[in-house]
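A short write-up of the structure that comes next.
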Amino acid sequence: MKCMYCGCIDSKVVDSRTTEDGTSIRRRRECINCGRRFTTYETVENTPIFVIKSGGARQAFDPNKIKAGIIKACEKRPVPASEIDKLVSDIQKKIYNSLVQEISSKEIGEMVCEGLKDIDEVAYVRFASVYRSFTDTASFMKELEKMVNKEKKS
């Protein structure tokens, strides 16, 4: 690692610790040449995943967008933030574990719908109403009837 003070490429690691969230390693280094200390962070390099939007446009996968949509659906509902974070994390893991480089926004929306069904039915209906673009009360009622029928079968 190149020293930020003198540019020397030789340094030794004095201390290593994982960060609080466990996603990276913080390393305290000391330059062999000038003796000054500096901090570096080591993280896993993710292969970029692109989301194919319904219009055909592509954009980088951003789990924060999923979280924002879920938070909006769960607004004024008794859903703990930890449940939301877990759902976002589960979806993110599922996408990265699929080893695909492109995924459609439709597939992501279905994953969110499935997760919200288990967490909060009202949040699920809210999300589905925007995601599936319910155009009238009939399409909204069809979705509610599906939920009711699944509950009766369980």
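Each chain in the structure tokens gets a letter, A, B, ..., in the order shown, and its residues are numbered from 1; ligands are numbered from 1 in order too.
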Closest contacts (region 29-92 of chain A/region 117-139 of chain A, max 12 Å, only C-alpha atoms) as JSON lines:
```
{"residue": "A:Ser54", "atom": "CA", "partner": "A:Tyr131", "partner_atom": "CA", "distance": 11.1}
{"residue": "A:Ile66", "atom": "CA", "partner": "A:Phe127", "partner_atom": "CA", "distance": 11.0}
{"residue": "A:Lys67", "atom": "CA", "partner": "A:Phe127", "partner_atom": "CA", "distance": 11.8}
{"residue": "A:Ala68", "atom": "CA", "partner": "A:Phe127", "partner_atom": "CA", "distance": 11.2}
{"residue": "A:Gly69", "atom": "CA", "partner": "A:Phe127", "partner_atom": "CA", "distance": 7.5}
{"residue": "A:Ile70", "atom": "CA", "partner": "A:Phe127", "partner_atom": "CA", "distance": 7.3}
{"residue": "A:Ile71", "atom": "CA", "partner": "A:Ala123", "partner_atom": "CA", "distance": 9.0}
{"residue": "A:Lys72", "atom": "CA", "partner": "A:Phe127", "partner_atom": "CA", "distance": 8.2}
{"residue": "A:Ala73", "atom": "CA", "partner": "A:Ala123", "partner_atom": "CA", "distance": 4.8}
{"residue": "A:Cys74", "atom": "CA", "partner": "A:Ala123", "partner_atom": "CA", "distance": 5.0}
{"residue": "A:Glu75", "atom": "CA", "partner": "A:Ala123", "partner_atom": "CA", "distance": 7.9}
{"residue": "A:Lys76", "atom": "CA", "partner": "A:Ala123", "partner_atom": "CA", "distance": 9.5}
{"residue": "A:Arg77", "atom": "CA", "partner": "A:Ala123", "partner_atom": "CA", "distance": 7.5}
{"residue": "A:Pro78", "atom": "CA", "partner": "A:Asp120", "partner_atom": "CA", "distance": 8.4}
{"residue": "A:Val79", "atom": "CA", "partner": "A:Asp120", "partner_atom": "CA", "distance": 7.3}
{"residue": "A:Pro80", "atom": "CA", "partner": "A:Ile119", "partner_atom": "CA", "distance": 9.7}
{"residue": "A:Ala81", "atom": "CA", "partner": "A:Ile119", "partner_atom": "CA", "distance": 11.5}
{"residue": "A:Ser82", "atom": "CA", "partner": "A:Ile119", "partner_atom": "CA", "distance": 11.3}
{"residue": "A:Glu83", "atom": "CA", "partner": "A:Ile119", "partner_atom": "CA", "distance": 7.6}
{"residue": "A:Ile84", "atom": "CA", "partner": "A:Ile119", "partner_atom": "CA", "distance": 8.8}
{"residue": "A:Asp85", "atom": "CA", "partner": "A:Ile119", "partner_atom": "CA", "distance": 11.9}
{"residue": "A:Lys86", "atom": "CA", "partner": "A:Ile119", "partner_atom": "CA", "distance": 10.7}
{"residue": "A:Leu87", "atom": "CA", "partner": "A:Ile119", "partner_atom": "CA", "distance": 9.0}
```
Interatomic distance (Å, one decimal) between CA of Ser89 (chain A) and CA of Gly115 (chain A):
11.1 Å
Near Ile9 (chain A), counting only C-alpha atoms, which residues have an atom at most 9 Å away, once you skip same-chain residues fewer than 4 positions from it, shown as an MDAnalysis selection string?
chainID A and resid 1:3 31:33
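Using only C-alpha atoms, the smallest distance between any of A:Met4, A:Gly22, A:Asp62, A:Leu116 and Arg37 (chain A) comes from A:Met4.
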Go ahead and compute the interatomic distance for CA of Cys34 (chain A) and CA of Asp15 (chain A), in Å to one decimal.
17.9 Å
So which bits of region 8-137 of chain A end up alpha helix (DSSP H) when you DSSP the backbone, as a PyMOL selection string?
chain A and resi 63-73+81-97+105-119+121-131+137
Can you list, as a PyMOL selection string, every protein, DNA or RNA residue that comes within 12 Å of region 90-104 of chain A when you count only C-alpha atoms, leaving out same-chain residues fewer than 6 positions away?
chain A and resi 45-67+70+83-84+110-116
Write a file of the selected residues as a compact mmCIF listing (two decimals), in the first residue's frame, keeping C-alpha atoms.
```txt
# COMPACT_ATOMS: atom_id res chain seq x y z
CA GLU A 45 -15.33 -6.10 -4.81
CA ASN A 46 -18.81 -6.72 -6.19
CA THR A 47 -19.38 -7.36 -9.85
CA PRO A 48 -21.75 -4.68 -11.09
CA ILE A 49 -25.33 -5.77 -11.60
CA PHE A 50 -27.62 -3.82 -13.87
CA VAL A 51 -31.37 -3.48 -13.52
CA ILE A 52 -33.33 -3.53 -16.74
CA LYS A 53 -36.25 -1.17 -16.33
CA SER A 54 -39.63 -1.80 -17.98
CA GLY A 55 -38.81 0.74 -20.70
CA GLY A 56 -35.56 -1.06 -21.55
CA ALA A 57 -33.21 1.40 -19.84
CA ARG A 58 -30.40 -0.03 -17.71
CA GLN A 59 -29.12 1.32 -14.43
CA ALA A 60 -26.82 0.08 -11.69
CA PHE A 61 -28.43 -2.06 -9.00
CA ASP A 62 -28.99 0.03 -5.86
CA PRO A 63 -30.38 -1.70 -2.75
CA ASN A 64 -31.22 1.73 -1.31
CA LYS A 65 -33.94 2.11 -3.94
CA ILE A 66 -35.50 -1.17 -2.82
CA LYS A 67 -35.33 -0.01 0.79
CA ILE A 70 -40.36 -0.79 1.13
CA GLU A 83 -37.52 -6.39 9.36
CA ILE A 84 -37.12 -3.94 6.48
CA GLU A 110 -41.78 -9.79 -7.31
CA MET A 111 -39.12 -10.49 -4.67
CA VAL A 112 -40.23 -7.43 -2.71
CA CYS A 113 -43.90 -8.45 -3.00
CA GLU A 114 -43.17 -11.97 -1.73
CA GLY A 115 -41.19 -10.61 1.21
CA LEU A 116 -43.79 -7.99 2.14
```
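Minimum atom-to-atom distance to Cys8 (chain A), evaluated using only C-alpha atoms, belongs to A:Gly35 out of A:Met141, A:Asp21, A:Gly35, A:Ser105.
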Please, which residues of chain A, numbered as in this document, come out strand (DSSP E or B) from DSSP, as a ChimeraX atom specification?
/A:11-18,24-31,37-43,50-52,58-60,102-104
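Here CA of Gly7 (chain A) is placed at a distance of 26.2 Å from CA of Thr19 (chain A).
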